[in-house]
Structure formats: C-alpha cells, structure tokens
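Colleague: Enclosed is the structure file my_file-v2.txt (compact mmCIF, C-alpha atoms).
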```txt
# COMPACT_ATOMS: atom_id res chain seq x y z
CA MET S 1 8.31 129.41 134.70
CA HIS S 2 12.02 130.08 135.25
CA GLY S 3 13.28 133.57 135.83
CA ALA S 4 14.87 135.61 133.07
CA LEU S 5 18.47 136.75 132.90
CA ILE S 6 19.19 140.13 131.31
CA VAL S 7 22.65 140.38 129.76
CA THR S 8 23.93 143.44 127.95
CA TRP S 9 25.83 144.29 124.80
CA ASN S 10 27.35 147.67 124.02
CA PRO S 11 28.71 147.69 120.46
CA ASP S 12 30.59 150.90 121.30
CA GLN S 13 32.76 148.75 123.58
CA TRP S 14 32.77 145.35 121.84
CA ASP S 15 32.07 144.42 118.22
CA TRP S 16 30.08 141.19 117.80
CA GLY S 17 31.03 141.39 114.13
CA ALA S 18 30.19 138.78 111.52
CA ALA S 19 28.99 136.34 114.19
CA TYR S 20 26.09 138.71 114.89
CA LEU S 21 24.98 138.72 111.26
CA ASP S 22 25.32 134.94 111.14
CA ALA S 23 23.20 134.57 114.30
CA ILE S 24 20.48 136.73 112.73
CA ASP S 25 20.47 134.53 109.64
CA GLN S 26 20.60 131.20 111.50
CA THR S 27 17.84 131.98 114.00
CA ALA S 28 15.66 133.32 111.18
CA LYS S 29 15.89 129.77 109.80
CA ARG S 30 14.89 128.42 113.24
CA VAL S 31 18.41 127.18 113.98
CA LYS S 32 19.53 127.80 117.56
CA VAL S 33 22.97 129.36 117.90
CA LYS S 34 25.39 128.27 120.63
CA ASP S 35 27.23 131.08 122.36
CA ASN S 36 28.43 132.31 125.74
CA TRP S 37 27.94 135.70 127.36
CA SER S 38 29.16 137.68 130.31
CA THR S 39 26.91 137.93 133.37
CA GLY S 40 28.71 141.02 134.65
CA GLY S 41 29.16 140.91 138.39
CA ARG S 42 26.69 138.05 138.88
CA LYS S 43 28.38 134.85 140.07
CA SER S 44 25.38 132.67 141.01
CA GLY S 45 21.61 132.35 140.83
CA VAL S 46 21.51 131.32 137.16
CA GLY S 47 21.29 127.83 135.70
CA PRO S 48 20.30 125.68 132.73
CA GLY S 49 16.77 126.37 131.49
CA ASP S 50 16.67 130.01 132.56
CA ARG S 51 15.48 132.41 129.86
CA VAL S 52 17.99 135.01 128.69
CA PHE S 53 17.44 138.32 126.92
CA LEU S 54 20.13 140.48 125.37
CA LEU S 55 19.73 144.21 126.04
CA ARG S 56 21.62 146.27 123.47
CA GLN S 57 23.06 149.51 124.79
CA GLY S 58 25.24 152.31 123.45
CA THR S 59 24.60 155.20 121.10
CA LYS S 60 23.26 153.42 118.01
CA GLY S 61 20.09 151.62 119.06
CA ARG S 62 18.99 150.49 122.52
CA GLY S 63 16.62 147.65 123.36
CA ILE S 64 16.13 143.87 123.43
CA VAL S 65 17.79 142.37 120.38
CA ALA S 66 17.97 138.63 121.17
CA SER S 67 16.55 135.86 123.33
CA GLY S 68 17.56 132.33 124.22
CA LYS S 69 18.08 129.86 127.04
CA VAL S 70 20.93 129.37 129.47
CA THR S 71 22.64 125.97 129.17
CA SER S 72 25.20 126.09 132.02
CA GLU S 73 25.95 127.37 135.47
CA ILE S 74 28.00 130.56 135.75
CA TYR S 75 31.73 130.01 135.32
CA GLU S 76 34.86 132.16 135.21
CA GLY S 77 36.89 132.87 132.09
CA ASN S 78 39.14 135.45 130.50
CA HIS S 79 37.63 138.91 130.20
CA TRP S 80 35.91 139.74 126.90
CA ASP S 81 37.91 142.97 126.58
CA GLY S 82 41.15 141.05 126.03
CA SER S 83 42.65 141.93 129.37
CA LYS S 84 43.89 139.33 131.83
CA ARG S 85 41.13 140.12 134.29
CA PRO S 86 38.59 137.35 135.04
CA ALA S 87 34.97 137.61 133.97
CA ASN S 88 31.79 135.61 134.65
CA TYR S 89 30.03 133.77 131.82
CA VAL S 90 27.17 131.41 131.02
CA ASP S 91 26.78 129.19 128.00
CA LEU S 92 23.54 129.69 126.10
CA ARG S 93 21.64 129.08 122.88
CA TRP S 94 20.10 132.04 121.06
CA ASP S 95 16.69 131.22 119.55
CA VAL S 96 16.00 134.69 118.14
CA VAL S 97 18.52 137.36 117.13
CA LEU S 98 17.16 140.49 115.47
CA ALA S 99 18.78 143.14 113.34
CA VAL S 100 19.28 146.47 115.08
CA GLU S 101 16.42 148.12 113.19
CA ASP S 102 14.05 145.39 114.44
CA LEU S 103 14.93 145.47 118.14
CA LEU S 104 12.35 145.97 120.88
CA PRO S 105 13.24 149.52 121.91
CA THR S 106 14.12 150.57 125.44
CA GLU S 107 11.35 153.17 125.34
CA ALA S 108 8.75 150.44 124.78
CA LEU S 109 10.21 148.40 127.64
CA GLU S 110 10.08 151.40 129.97
CA GLU S 111 6.48 152.12 129.07
CA ALA S 112 5.31 148.52 129.49
CA MET S 113 7.42 147.66 132.57
CA PRO S 114 8.22 150.96 134.33
CA GLU S 115 9.13 149.23 137.58
CA GLN S 116 12.19 147.67 135.91
CA HIS S 117 15.42 149.60 135.26
CA TRP S 118 16.16 149.32 131.52
CA ARG S 119 19.36 151.39 131.38
CA PRO S 120 21.70 149.38 133.63
CA GLN S 121 25.45 149.85 133.85
CA GLY S 122 26.02 146.13 133.22
CA GLY S 123 24.40 142.76 132.72
CA GLY S 124 23.58 139.93 135.07
CA ILE S 125 20.14 141.19 136.13
CA MET S 126 17.75 138.40 137.10
CA LEU S 127 14.02 139.04 136.69
CA ALA S 128 11.52 137.26 138.92
CA ALA S 129 9.12 134.79 137.27
CA ASN S 130 6.20 137.26 137.03
CA ALA S 131 8.38 139.97 135.45
CA ALA S 132 9.95 137.36 133.18
CA LEU S 133 6.48 136.39 131.95
CA ASP S 134 5.59 140.03 131.27
CA LEU S 135 8.77 140.47 129.25
CA GLU S 136 8.15 137.24 127.35
CA MET S 137 4.67 138.36 126.33
CA LEU S 138 5.99 141.73 125.22
CA TRP S 139 8.76 140.06 123.24
CA VAL S 140 6.39 137.61 121.54
CA ALA S 141 4.02 140.39 120.51
CA HIS S 142 6.92 142.41 119.14
CA ARG S 143 8.26 139.50 117.11
CA ASP S 144 4.81 138.70 115.75
CA SER S 145 4.36 142.31 114.67
CA LEU S 146 7.57 142.03 112.66
CA ASP S 147 6.34 138.81 111.04
CA VAL S 148 2.99 140.38 110.10
CA GLU S 149 4.74 143.41 108.62
CA ALA S 150 6.85 141.06 106.53
CA GLU S 151 3.79 139.21 105.24
CA GLY S 152 2.11 142.49 104.41
CA ARG S 153 4.91 143.99 102.39
CA LEU S 154 6.74 140.87 101.12
CA GLY S 155 10.43 140.50 101.58
CA ARG S 156 11.61 141.35 105.06
CA GLY S 157 14.34 138.80 105.65
CA ALA S 158 14.94 135.09 105.63
CA ALA S 159 12.41 134.32 108.37
CA GLN S 160 9.63 134.90 105.89
CA GLY S 161 10.91 132.48 103.23
CA ARG S 162 8.31 129.82 103.94
CA LEU S 163 5.48 132.30 104.44
CA GLN S 164 6.12 133.85 101.04
CA ASP S 165 6.10 130.49 99.25
CA PRO S 166 2.54 130.32 97.81
CA VAL S 167 2.40 126.52 97.91
CA LEU S 168 3.40 126.33 101.57
CA ARG S 169 1.22 129.31 102.43
CA LYS S 170 -1.77 127.49 100.89
CA LYS S 171 -0.97 124.35 102.92
CA ILE S 172 -1.00 126.42 106.12
CA GLU S 173 -4.31 128.06 105.25
CA ASP S 174 -5.97 124.77 104.29
CA ALA S 175 -4.67 122.98 107.39
CA ALA S 176 -6.04 125.71 109.65
CA GLN S 177 -9.44 125.63 107.98
CA ASP S 178 -9.64 121.83 108.01
CA ARG S 179 -8.86 121.82 111.72
CA LEU S 180 -11.45 124.49 112.48
CA MET S 181 -14.15 122.76 110.47
CA GLU S 182 -13.38 119.38 112.04
CA HIS S 183 -13.75 120.93 115.51
CA TYR S 184 -17.36 121.88 114.77
CA ARG S 185 -18.18 118.83 112.63
CA SER S 186 -17.12 116.47 115.44
CA ARG S 187 -19.56 118.27 117.72
CA GLY S 188 -22.56 117.73 115.46
CA TRP S 189 -22.58 120.95 113.45
CA LYS S 190 -23.40 120.94 109.74
CA LEU S 191 -20.48 122.52 107.87
CA THR S 192 -20.46 124.33 104.52
CA ASP S 193 -17.13 125.24 102.95
CA THR S 194 -17.30 128.82 101.62
CA ARG S 195 -13.62 129.70 101.38
CA LEU S 196 -13.81 130.64 97.69
CA GLY S 197 -15.31 134.06 97.04
CA SER S 198 -16.71 134.76 100.51
CA PRO S 199 -15.46 136.99 103.34
CA PHE S 200 -15.58 133.94 105.65
CA ASP S 201 -14.21 130.42 105.27
CA ALA S 202 -17.16 128.27 106.32
CA THR S 203 -20.54 128.23 108.01
CA ALA S 204 -21.63 125.94 110.84
CA GLU S 205 -25.31 125.26 111.59
CA LYS S 206 -26.84 123.47 114.56
CA GLY S 207 -30.16 123.76 116.35
CA GLY S 208 -31.20 126.81 114.36
CA LYS S 209 -27.95 128.64 115.14
CA LEU S 210 -25.67 129.86 112.34
CA LEU S 211 -21.98 130.63 112.84
CA TYR S 212 -19.54 132.14 110.37
CA LEU S 213 -16.07 130.63 110.64
CA GLU S 214 -12.75 132.26 109.79
CA ALA S 215 -9.49 130.27 109.93
CA LYS S 216 -5.98 131.64 110.25
CA GLY S 217 -2.75 129.64 110.22
CA THR S 218 0.67 131.05 111.00
CA GLN S 219 4.21 129.99 111.78
CA THR S 220 4.45 132.86 114.28
CA PHE S 221 3.21 132.83 117.87
CA GLY S 222 -0.15 134.15 116.69
CA ALA S 223 -0.33 137.37 118.72
CA ALA S 224 -1.53 139.04 115.51
CA VAL S 225 -2.97 137.73 112.24
CA LEU S 226 -3.64 139.28 108.87
CA VAL S 227 -7.28 140.03 108.06
CA THR S 228 -8.83 141.65 105.00
CA GLN S 229 -11.17 144.62 104.86
CA ARG S 230 -14.02 142.35 103.71
CA GLU S 231 -13.42 139.96 106.61
CA VAL S 232 -13.52 142.84 109.09
CA GLU S 233 -16.67 144.33 107.60
CA HIS S 234 -18.44 140.96 107.62
CA ALA S 235 -17.42 140.25 111.23
CA LEU S 236 -18.69 143.67 112.32
CA ALA S 237 -21.99 143.07 110.55
CA HIS S 238 -22.38 139.66 112.23
CA ALA S 239 -21.09 140.42 115.71
CA GLY S 240 -21.52 137.47 118.04
CA SER S 241 -21.82 134.93 115.25
CA THR S 242 -18.32 135.00 113.76
CA MET S 243 -15.68 132.70 115.22
CA MET S 244 -11.98 132.64 114.38
CA GLY S 245 -9.75 129.60 114.66
CA ILE S 246 -6.06 130.50 114.97
CA TRP S 247 -3.46 127.77 114.56
CA SER S 248 -0.12 129.32 115.55
CA GLY S 249 3.39 127.92 115.63
CA ILE S 250 2.80 125.65 112.63
CA LYS S 251 5.83 123.72 111.44
CA PHE S 252 6.51 121.56 108.38
CA ASP S 253 7.89 118.03 108.30
CA ASP S 254 10.74 116.82 106.12
CA LYS S 255 8.34 116.44 103.18
CA ASP S 256 7.11 120.04 103.46
CA GLU S 257 3.73 118.93 104.77
CA VAL S 258 2.11 120.58 107.79
CA ASP S 259 3.08 118.70 110.96
CA LEU S 260 -0.29 118.20 112.64
CA ASN S 261 1.35 117.75 116.05
CA THR S 262 2.92 121.19 116.16
CA GLY S 263 1.68 124.55 117.33
CA TYR S 264 -1.28 125.73 119.36
CA PHE S 265 -4.90 125.93 118.18
CA ARG S 266 -7.52 128.19 119.73
CA ILE S 267 -11.02 129.34 118.77
CA ILE S 268 -12.15 132.82 119.80
CA PRO S 269 -14.91 135.24 118.81
CA PHE S 270 -13.80 137.41 115.88
CA ASP S 271 -14.79 140.85 117.13
CA PRO S 272 -12.55 143.45 115.46
CA GLU S 273 -13.73 146.13 117.89
CA SER S 274 -12.41 144.19 120.90
CA GLY S 275 -8.85 143.88 119.62
CA GLU S 276 -6.55 146.20 117.75
CA LEU S 277 -6.56 146.78 113.99
CA THR S 278 -3.41 148.08 112.37
CA PRO S 279 -3.32 148.94 108.65
CA VAL S 280 -0.61 146.62 107.33
CA THR S 281 -3.06 145.32 105.09
CA LEU S 282 -4.98 145.05 108.35
CA LYS S 283 -3.57 143.38 111.46
CA TRP S 284 -5.90 142.24 114.25
CA SER S 285 -4.51 141.59 117.74
CA PRO S 286 -7.07 139.78 119.93
CA ASP S 287 -7.28 141.17 123.45
CA ASP S 288 -7.71 137.82 125.19
```
Let's see the structure in the file written out as structure tokens.
Modeller:
Amino acid sequence: MHGALIVTWNPDQWDWGAAYLDAIDQTAKRVKVKDNWSTGGRKSGVGPGDRVFLLRQGTKGRGIVASGKVTSEIYEGNHWDGSKRPANYVDLRWDVVLAVEDLLPTEALEEAMPEQHWRPQGGGIMLAANAALDLEMLWVAHRDSLDVEAEGRLGRGAAQGRLQDPVLRKKIEDAAQDRLMEHYRSRGWKLTDTRLGSPFDATAEKGGKLLYLEAKGTQTFGAAVLVTQREVEHALAHAGSTMMGIWSGIKFDDKDEVDLNTGYFRIIPFDPESGELTPVTLKWSPDD
C-alpha cells in the first residue's frame, strides 16, 4: 500500500465556496472530482497513486472531510492566498467529500491514532504505509456508519438515492441471497429459501448439520450492516449455527442490474455478541 498524504484546509483563511458543495454532490454520486491542493512546505516524496486525506482545521469543525488519490508529482505554482509568493501543489482526484457535519472529527482521530499529531500548523504530512492503513480503516468505518444512519432514517443526502429506491434495494437483497445460497449449494448442501416471513433468509442442511443463513447486500464498504431485532434474537438463540453472507461494494450496470463482477463477498458467523450493535434500527459491526 502507498503512503498517505495529509493536506489541510482552514476555511477561516480560505473559502472553498461553491466548489466544495459541488464536490460533496458529485462524489456522493460516485463521480471523482479533479482538483489540486497545496502540500505546504513539502516539495518531494509524493507521487501518483498516493492516498490523500483532507484535514479540516479552524474554528468551525475540525477533522477529516475528504479523501482521494494524488495524480501528479509536486509542482510549484502561485500561492493560494493571492500573493505573488510560490506554493507547492499536487493534482488529485477526490473520491469522497463530506459535509462539515459528517466529518471524521479530530477527537476520534486522536483517540484511535494517538501517536500521530492531528493539529498541525500546515499540510504536507506523509504517513507511513502502516499508519495509512490504520487511517483508511478508520475512514471506511466512519463512512459506512454514515451510510447506515442514512438507511435507518431515510433521506440523508444524494449518496443514498439508490439505496432508498425500493426496486434497486430489492435487487441488492436478492443478489446477495442468491450468491450466499449458491455458495452452499455448490458444496453439496440442501438449500431451503425462507426469506419470506422468517428471521433468516435460508437454511442449509448437510450430513445432519443445519445452518441458518442471513444475507446482506450493500453499496457501502460493508463495515456495518442493518439487522432487525428478530434477526438478532434468532442468531443469539442459534449461536454457532447462523452464518451471514455480506456482499459489499455492489454496483449497478447501465441497465440498473446488479453487476455480478463488482464488490467483495464474505461469509462469517453471525454472532451479535462478538461485534457491536448500535440502535439505528440496529447496526451490527463484525469484529473480524
């Protein structure tokens, strides 16, 4: 994995303006936004493919507000403050830009990664690969928590447009279940579809062993999925015999059908006590 570049933005000193709102909207629609950003005093050590995170500073909200990838080497240009001084920049593409109220707060960064200084005087900080991975995992979990909140309360921004469409939502659910059932069927298990009216989606039987199967599909990274109270109660009552298949990162093709070649599929034991339940309706975060 490449390292991660931390750049900074202080809206008390420079107003991103309408371009910021547009970047929020475009990345919510999964459109990457071309931009360039100052690397502060850093003049080297950054190149195409490096991850970049934008650390918002100032008096009105501090924390990570955007992520993307660097697309150039560092170069010199006119200073962003309008003066004739030179400044160092990289070109980049933002893949996620969040509203201020949705940022990953500095306090959370300090708690999770106390060895890193999260209140720098300027940007251009380069994280080593291991620290970059830690930040990436924290960022993914934070973004997924926002997506789950949106699903739970309906209507938190453009990113949830597809998830709130009942037809597309049904296609995601069916695709995830079909994939889970096919996994067991291809390995000689006898499958029974129980998705209607039961707190589990299917059963799988083989050699006198009975498994209860629960399938979850999501367009998020899958760090957390929505579960119902009945699903939790059933899984607790059948500990060790309930398996969950999670298909994350699902995308649609041009005909609004699930693209079977997208995303990541994993099967894990569904043990609510081993993860974290949050009352959204209920959100379960596996600990693996």
Colleague: If you count all atoms listed in the file, which residues fall within 6 Å of segment 3-15 of chain S, apart from same-chain ones fewer than 2 positions away, as a list in words?
Modeller: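 The filter keeps Gly17, Asp50, Arg51, Val52, Phe53, Leu54, Leu55, Arg56, Gln57, Gly58, Gly123, Gly124, Ile125, Met126, Leu127, Ala128, Ala129 and Ala132 of chain S.
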Colleague: Those residues you just picked out, can you put them in a file as a compact mmCIF listing (two decimals), keeping the file's coordinate frame with C-alpha atoms?
Modeller:
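That gives us again-v6.txt:
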```
# COMPACT_ATOMS: atom_id res chain seq x y z
CA GLY S 17 31.03 141.39 114.13
CA ASP S 50 16.67 130.01 132.56
CA ARG S 51 15.48 132.41 129.86
CA VAL S 52 17.99 135.01 128.69
CA PHE S 53 17.44 138.32 126.92
CA LEU S 54 20.13 140.48 125.37
CA LEU S 55 19.73 144.21 126.04
CA ARG S 56 21.62 146.27 123.47
CA GLN S 57 23.06 149.51 124.79
CA GLY S 58 25.24 152.31 123.45
CA GLY S 123 24.40 142.76 132.72
CA GLY S 124 23.58 139.93 135.07
CA ILE S 125 20.14 141.19 136.13
CA MET S 126 17.75 138.40 137.10
CA LEU S 127 14.02 139.04 136.69
CA ALA S 128 11.52 137.26 138.92
CA ALA S 129 9.12 134.79 137.27
CA ALA S 132 9.95 137.36 133.18
```
Colleague: Measuring between all atoms listed in the file, which one of S:Gly61, S:Ala19, S:Pro86, S:Val225 shows the shortest distance to Gly41 of chain S?
Modeller: S:Pro86
Colleague: Between atom CA of Ala224 of chain S and atom CA of Asp271 of chain S, measure the distance and give it in Å to one decimal.
Modeller: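 Answer for the atom CA of Ala224 of chain S to atom CA of Asp271 of chain S separation: 13.5 Å.
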Colleague: Need to verify the contact set: Val90 of chain S, 9 Å, only C-alpha atoms, exclusion of same-chain residues closer than 5 positions in sequence. Can you return it as a list in words?
Modeller: Asp35, Asn36, Trp37, Ser38, Thr39, Val46, Gly47, Val70, Thr71, Ser72, Glu73, Ile74, Tyr75 and Glu76 of chain S
Colleague: Please produce, as a tab-separated table, a per-residue contact table for segment 93-145 of chain S versus segment 22-32 of chain S (criterion: any atom at most 7 Å away, all atoms listed in the file considered), showing the nearest atom pair and its distance in Å to one decimal, sorted by chain then residue number.
Modeller:
```
residue	atom	partner	partner_atom	distance
S:Arg93	CA	S:Lys32	CA	5.9
S:Trp94	CA	S:Lys32	CA	5.5
S:Asp95	CA	S:Lys32	CA	4.9
S:Val96	CA	S:Thr27	CA	5.3
S:Val97	CA	S:Ile24	CA	4.9
S:Leu98	CA	S:Ile24	CA	5.7
S:Ala99	CA	S:Ile24	CA	6.7
```
Colleague: Name the residues within 12 Å of (-28.0, 124.0, 116.3), counting only C-alpha atoms in the file's coordinates, and put them as a ChimeraX atom specification.
Modeller: /S:184-185,187-191,203-211
Colleague: Quick one: write out the picked residues with C-alpha atoms as a tab-separated table (two decimals), in the frame of the given file?
Modeller:
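Resulting contents of again.tsv:
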```tsv
chain	number	residue	atom	x	y	z
S	184	TYR	CA	-17.36	121.88	114.77
S	185	ARG	CA	-18.18	118.83	112.63
S	187	ARG	CA	-19.56	118.27	117.72
S	188	GLY	CA	-22.56	117.73	115.46
S	189	TRP	CA	-22.58	120.95	113.45
S	190	LYS	CA	-23.40	120.94	109.74
S	191	LEU	CA	-20.48	122.52	107.87
S	203	THR	CA	-20.54	128.23	108.01
S	204	ALA	CA	-21.63	125.94	110.84
S	205	GLU	CA	-25.31	125.26	111.59
S	206	LYS	CA	-26.84	123.47	114.56
S	207	GLY	CA	-30.16	123.76	116.35
S	208	GLY	CA	-31.20	126.81	114.36
S	209	LYS	CA	-27.95	128.64	115.14
S	210	LEU	CA	-25.67	129.86	112.34
S	211	LEU	CA	-21.98	130.63	112.84
```
Colleague: Which one is closest to Asp256 of chain S: S:His238, S:Lys171, S:Lys84, S:Arg230? Count only C-alpha atoms.
Modeller: S:Lys171
Colleague: Separation of atom CA of Ala112 of chain S and atom CA of Asp144 of chain S, in Å?
Modeller: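 Between these atoms lies a distance of 16.9 Å.
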Colleague: Could you list, as a list of chain:residue names, every residue within 9 Å of Leu138 of chain S, counting all atoms listed in the file and ignoring same-chain residues fewer than 4 positions away?
Modeller: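 Near neighbours after the sequence-gap exclusion: S:Leu104, S:Leu109, S:Ala112, S:Leu133, S:Asp134, S:His142, S:Arg143.
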Colleague: Excluding Glu214 of chain S and residues on its chain fewer than 6 positions from it, collect all residues at most 12 Å away from it, counting only C-alpha atoms, and give them as a VMD selection string.
Modeller: chain S and resid 173 to 174 176 to 181 193 to 195 198 to 204 225 to 228 230 to 232 234 to 235 241 to 247 266 to 271
Colleague: Could you check how far atom CA of Lys170 of chain S sits from atom CA of Gly217 of chain S, in Å to one decimal?
Modeller: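 Straight-line distance from atom CA of Lys170 of chain S to atom CA of Gly217 of chain S works out to 9.6 Å.
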Colleague: Using all atoms listed in the file, pick whichever of S:His183, S:Arg62, S:Lys69, S:Lys34 has the shortest atom-to-atom distance to Glu101 of chain S.
Modeller: S:Arg62
Colleague: Using all atoms listed in the file, which residue out of S:Ala131, S:Trp80, S:Asn88, S:Glu111 lies closest to Trp16 of chain S?
Modeller: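 The shortest atom-to-atom distance to Trp16 of chain S comes from S:Trp80.
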Colleague: Write out as a short mmCIF file (atom, residue, chain, number, x, y, z; two decimals) with C-alpha atoms, in the frame of the given file the residues lying within 10 Å of Ser248 of chain S, counting only C-alpha atoms and excluding same-chain residues fewer than 5 positions away.
Modeller:
```
data_model
loop_
_atom_site.label_atom_id
_atom_site.label_comp_id
_atom_site.auth_asym_id
_atom_site.auth_seq_id
_atom_site.Cartn_x
_atom_site.Cartn_y
_atom_site.Cartn_z
CA ILE S 172 -1.00 126.42 106.12
CA ALA S 176 -6.04 125.71 109.65
CA LYS S 216 -5.98 131.64 110.25
CA GLY S 217 -2.75 129.64 110.22
CA THR S 218 0.67 131.05 111.00
CA GLN S 219 4.21 129.99 111.78
CA THR S 220 4.45 132.86 114.28
CA PHE S 221 3.21 132.83 117.87
CA GLY S 222 -0.15 134.15 116.69
CA ALA S 223 -0.33 137.37 118.72
CA ALA S 224 -1.53 139.04 115.51
CA VAL S 225 -2.97 137.73 112.24
CA THR S 262 2.92 121.19 116.16
CA GLY S 263 1.68 124.55 117.33
CA TYR S 264 -1.28 125.73 119.36
CA PHE S 265 -4.90 125.93 118.18
CA ARG S 266 -7.52 128.19 119.73
#
```
Colleague: Considering only C-alpha atoms, can you say which of S:Leu213, S:Leu135, S:Met113, S:Ala175 comes closest to Asn261 of chain S?
Modeller: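 So, comparing all the options, the nearest one is S:Ala175.
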Colleague: Smallest atom-to-atom distance to Gly63 of chain S: which of S:Ala215, S:Leu92, S:Leu21, S:Ala108, using all atoms listed in the file?
Modeller: S:Ala108
Colleague: Can we get segment 28-107 of chain S of that structure written down with C-alpha atoms, as a PDB file, in the first residue's frame?
Modeller:
```pdb
ATOM      1  CA  ALA S  28     -21.972  11.308  -3.449  1.00  0.00           C
ATOM      2  CA  LYS S  29     -22.910  10.213  -6.980  1.00  0.00           C
ATOM      3  CA  ARG S  30     -19.599   8.299  -7.206  1.00  0.00           C
ATOM      4  CA  VAL S  31     -18.083  10.849  -9.585  1.00  0.00           C
ATOM      5  CA  LYS S  32     -14.438  11.644  -8.846  1.00  0.00           C
ATOM      6  CA  VAL S  33     -13.614  15.349  -8.743  1.00  0.00           C
ATOM      7  CA  LYS S  34     -10.376  16.708 -10.208  1.00  0.00           C
ATOM      8  CA  ASP S  35      -8.630  19.316  -8.094  1.00  0.00           C
ATOM      9  CA  ASN S  36      -5.232  20.466  -6.872  1.00  0.00           C
ATOM     10  CA  TRP S  37      -4.095  21.229  -3.343  1.00  0.00           C
ATOM     11  CA  SER S  38      -1.194  22.773  -1.524  1.00  0.00           C
ATOM     12  CA  THR S  39       1.341  20.453   0.115  1.00  0.00           C
ATOM     13  CA  GLY S  40       2.615  23.198   2.425  1.00  0.00           C
ATOM     14  CA  GLY S  41       6.364  23.069   2.787  1.00  0.00           C
ATOM     15  CA  ARG S  42       6.670  19.587   1.276  1.00  0.00           C
ATOM     16  CA  LYS S  43       8.482  19.613  -2.082  1.00  0.00           C
ATOM     17  CA  SER S  44       9.064  15.884  -2.695  1.00  0.00           C
ATOM     18  CA  GLY S  45       8.205  12.386  -1.528  1.00  0.00           C
ATOM     19  CA  VAL S  46       4.704  12.346  -3.054  1.00  0.00           C
ATOM     20  CA  GLY S  47       3.608  10.872  -6.369  1.00  0.00           C
ATOM     21  CA  PRO S  48       0.744   9.469  -8.437  1.00  0.00           C
ATOM     22  CA  GLY S  49      -1.209   6.750  -6.630  1.00  0.00           C
ATOM     23  CA  ASP S  50      -0.569   8.040  -3.123  1.00  0.00           C
ATOM     24  CA  ARG S  51      -3.674   8.329  -0.963  1.00  0.00           C
ATOM     25  CA  VAL S  52      -4.611  11.825   0.196  1.00  0.00           C
ATOM     26  CA  PHE S  53      -6.797  12.942   3.089  1.00  0.00           C
ATOM     27  CA  LEU S  54      -8.023  16.471   3.713  1.00  0.00           C
ATOM     28  CA  LEU S  55      -7.826  17.586   7.353  1.00  0.00           C
ATOM     29  CA  ARG S  56     -10.193  20.477   8.013  1.00  0.00           C
ATOM     30  CA  GLN S  57      -8.970  22.959  10.604  1.00  0.00           C
ATOM     31  CA  GLY S  58     -10.156  26.262  12.036  1.00  0.00           C
ATOM     32  CA  THR S  59     -12.873  27.199  14.488  1.00  0.00           C
ATOM     33  CA  LYS S  60     -15.955  25.649  12.878  1.00  0.00           C
ATOM     34  CA  GLY S  61     -15.350  21.912  12.691  1.00  0.00           C
ATOM     35  CA  ARG S  62     -12.065  20.000  12.704  1.00  0.00           C
ATOM     36  CA  GLY S  63     -11.398  16.576  11.213  1.00  0.00           C
ATOM     37  CA  ILE S  64     -11.032  14.548   8.012  1.00  0.00           C
ATOM     38  CA  VAL S  65     -13.533  15.803   5.474  1.00  0.00           C
ATOM     39  CA  ALA S  66     -12.335  14.296   2.163  1.00  0.00           C
ATOM     40  CA  SER S  67     -10.212  11.582   0.602  1.00  0.00           C
ATOM     41  CA  GLY S  68      -8.777  10.905  -2.825  1.00  0.00           C
ATOM     42  CA  LYS S  69      -5.671   9.971  -4.773  1.00  0.00           C
ATOM     43  CA  VAL S  70      -2.704  12.010  -5.916  1.00  0.00           C
ATOM     44  CA  THR S  71      -2.316  12.165  -9.718  1.00  0.00           C
ATOM     45  CA  SER S  72       0.932  14.138 -10.126  1.00  0.00           C
ATOM     46  CA  GLU S  73       4.315  14.899  -8.662  1.00  0.00           C
ATOM     47  CA  ILE S  74       4.646  18.042  -6.547  1.00  0.00           C
ATOM     48  CA  TYR S  75       4.986  21.225  -8.593  1.00  0.00           C
ATOM     49  CA  GLU S  76       5.256  24.947  -7.905  1.00  0.00           C
ATOM     50  CA  GLY S  77       2.522  27.483  -8.603  1.00  0.00           C
ATOM     51  CA  ASN S  78       1.125  30.789  -7.439  1.00  0.00           C
ATOM     52  CA  HIS S  79       0.189  30.909  -3.776  1.00  0.00           C
ATOM     53  CA  TRP S  80      -3.445  30.152  -2.916  1.00  0.00           C
ATOM     54  CA  ASP S  81      -3.722  33.339  -0.845  1.00  0.00           C
ATOM     55  CA  GLY S  82      -3.443  35.518  -3.960  1.00  0.00           C
ATOM     56  CA  SER S  83       0.014  36.798  -3.171  1.00  0.00           C
ATOM     57  CA  LYS S  84       2.919  36.506  -5.583  1.00  0.00           C
ATOM     58  CA  ARG S  85       4.715  34.030  -3.359  1.00  0.00           C
ATOM     59  CA  PRO S  86       5.256  30.500  -4.723  1.00  0.00           C
ATOM     60  CA  ALA S  87       3.492  27.487  -3.245  1.00  0.00           C
ATOM     61  CA  ASN S  88       3.766  23.704  -3.677  1.00  0.00           C
ATOM     62  CA  TYR S  89       0.861  21.718  -5.132  1.00  0.00           C
ATOM     63  CA  VAL S  90      -0.222  18.265  -6.270  1.00  0.00           C
ATOM     64  CA  ASP S  91      -3.015  17.379  -8.649  1.00  0.00           C
ATOM     65  CA  LEU S  92      -5.534  14.923  -7.247  1.00  0.00           C
ATOM     66  CA  ARG S  93      -8.971  13.384  -7.599  1.00  0.00           C
ATOM     67  CA  TRP S  94     -11.354  13.473  -4.637  1.00  0.00           C
ATOM     68  CA  ASP S  95     -13.393  10.262  -4.300  1.00  0.00           C
ATOM     69  CA  VAL S  96     -15.263  11.276  -1.132  1.00  0.00           C
ATOM     70  CA  VAL S  97     -16.044  14.793   0.099  1.00  0.00           C
ATOM     71  CA  LEU S  98     -18.247  15.094   3.178  1.00  0.00           C
ATOM     72  CA  ALA S  99     -20.304  17.935   4.563  1.00  0.00           C
ATOM     73  CA  VAL S 100     -18.850  19.555   7.672  1.00  0.00           C
ATOM     74  CA  GLU S 101     -21.414  17.913   9.955  1.00  0.00           C
ATOM     75  CA  ASP S 102     -20.357  14.482   8.649  1.00  0.00           C
ATOM     76  CA  LEU S 103     -16.585  14.822   9.012  1.00  0.00           C
ATOM     77  CA  LEU S 104     -14.451  12.350  10.955  1.00  0.00           C
ATOM     78  CA  PRO S 105     -13.654  14.511  13.987  1.00  0.00           C
ATOM     79  CA  THR S 106     -10.150  15.273  15.196  1.00  0.00           C
ATOM     80  CA  GLU S 107     -11.038  13.886  18.621  1.00  0.00           C
TER      81      GLU S 107
END
```
